[in-house]
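Undergrad: So that we are looking at the same thing, I have put the structure below in structure tokens.
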Amino acid sequence: MLLTRGDHLLSSISLPDASFALFLIGGMLLTKPKWFISLFILSVVIDLATLSINSSYQIPINFGYWGLLPSYGIMWFFGSRIANTKSFYKFMAFGVISTLISFVISTQTYNLLSGTFPDITIKESIQTGWEYLPQSLIYTMSYLLAYWGIHSLFKSQFVSQKATSL
């Protein structure tokens with residue numbers, strides 16, 4: 001998260017935000033709520049540090065920012081539901097569904113509660129921000145694919161080493 005939190009999009013100085021993917025993976029691997037809280041606090045601390053270093057950072061901390069809490073909670077919940085899956089298709093389906101739900105929650109809470117759009121209606125809010133969905137989905141799924149690949153590689157390597165030692 002430290003390497004990707006500085007920007008939501010790929011740029012010459014940062015990787016795209018991996019937060020959605022990290023919360024889904026966290027839900028798969030870390031079962032206790034204290035880990036969710038710790039990861040969320042880490043994301044806030046990273047944002048506050050980034051804001052103090054770079055005033056042009058585009059995510060202001062305001063009431064709409066707290067929409068990230070349920071968004072990340074959705075990712076964590078879906079991750080916990082697939083913690084022991086061996087099915088790549090189930091993993092990817094849960095990744096896509098949770099990312100879509102989390103995107104809608106984070107976008108709508110930002111649009112409606114941040115104060116950035118003071119006169120926005122719910123209808124206008126629903127119509128706003130969709131241009132960022134493809135990037136958010138592609139980046140999150142890319143991180144999840146990388147996780148699945150690395151996890152599968154280590155698992156098969158461990159299994160093959162264990163089999164040869166027997």
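Here, A, B, ... name the chains of the structure tokens in the order displayed, residue numbers run from 1 inside each chain, and ligands are numbered from 1 in the same displayed order.
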Mind checking DSSP for segment 70-165 of chain A and telling me the alpha helix (DSSP H) residues as a PyMOL selection string?
TA: chain A and resi 70-81+88-113+122-127+133-165
Undergrad: Which residues are close to Ser102 of chain A, i.e. within 12 Å by only C-alpha atoms, leaving aside same-chain residues fewer than 2 positions away? Reply as a PyMOL selection string.
TA: chain A and resi 19-21+23-24+67-78+94-100+104-109+133+136-137+140
Undergrad: For Ile122 of chain A, please output as a PyMOL selection string all residues within 9 Å (counting only C-alpha atoms; exclusion window: fewer than 5 positions along the same chain).
TA: chain A and resi 108+111-112+127
Undergrad: Would you save the residues of that selection, restricted to N, CA and C atoms, as a PDB file, in the first residue's frame?
TA:
```
ATOM      1  N   GLN A 108     -19.891   7.330  -4.737  1.00  0.00           N
ATOM      2  CA  GLN A 108     -21.106   8.035  -4.328  1.00  0.00           C
ATOM      3  C   GLN A 108     -20.926   8.790  -3.006  1.00  0.00           C
ATOM      4  N   ASN A 111     -18.926  11.882  -3.955  1.00  0.00           N
ATOM      5  CA  ASN A 111     -19.733  12.855  -4.691  1.00  0.00           C
ATOM      6  C   ASN A 111     -20.758  13.550  -3.793  1.00  0.00           C
ATOM      7  N   LEU A 112     -21.432  12.784  -2.949  1.00  0.00           N
ATOM      8  CA  LEU A 112     -22.545  13.326  -2.169  1.00  0.00           C
ATOM      9  C   LEU A 112     -22.131  13.967  -0.855  1.00  0.00           C
ATOM     10  N   GLN A 127     -24.603   9.535 -12.102  1.00  0.00           N
ATOM     11  CA  GLN A 127     -24.095   9.656 -13.463  1.00  0.00           C
ATOM     12  C   GLN A 127     -22.630  10.116 -13.507  1.00  0.00           C
TER      13      GLN A 127
END
```
Undergrad: Determine, for each residue of segment 34-127 of chain A having at least one atom at most 9 Å from an atom of segment 144-153 of chain A, the closest pair of atoms and their separation in Å to one decimal, counting only C-alpha atoms; order by chain and ascending number, as a Markdown table.
TA:
```
| residue | atom | partner | partner_atom | distance |
| --- | --- | --- | --- | --- |
| A:Phe88 | CA | A:Trp148 | CA | 7.9 |
| A:Phe91 | CA | A:Trp148 | CA | 8.6 |
| A:Met92 | CA | A:Leu144 | CA | 7.9 |
| A:Gly95 | CA | A:Leu144 | CA | 7.5 |
```
Undergrad: Compare A:Tyr89, A:Phe103, A:Phe154, A:Tyr65 by their minimum atom-to-atom distance to Gly115 of chain A, counting only C-alpha atoms, and give me the closest one.
TA: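 Ranked by minimum distance to Gly115 of chain A, first place goes to A:Tyr65.
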Undergrad: Go ahead and compute the interatomic distance for atom CA of Lys155 of chain A and atom CA of Ile25 of chain A, in Å to one decimal.
TA: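 Taking atom CA of Lys155 of chain A and atom CA of Ile25 of chain A, their separation equals 15.9 Å.
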Undergrad: Please indicate the distance in Å from atom CA of Ile46 of chain A to atom CA of Leu2 of chain A, rounded to one decimal place.
TA: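 Atom CA of Leu2 of chain A lies 7.0 Å from atom CA of Ile46 of chain A.
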Undergrad: Pick the closest to Gly129 of chain A from A:Tyr110, A:Thr50, A:Asn84, A:Val44: which is it, counting only C-alpha atoms?
TA: A:Tyr110
Undergrad: Just to confirm, what's the straight-line distance from atom CA of Leu22 of chain A to atom CA of Tyr143 of chain A in Å (one decimal)?
TA: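 If I compute the distance from atom CA of Leu22 of chain A to atom CA of Tyr143 of chain A, I get 8.3 Å.
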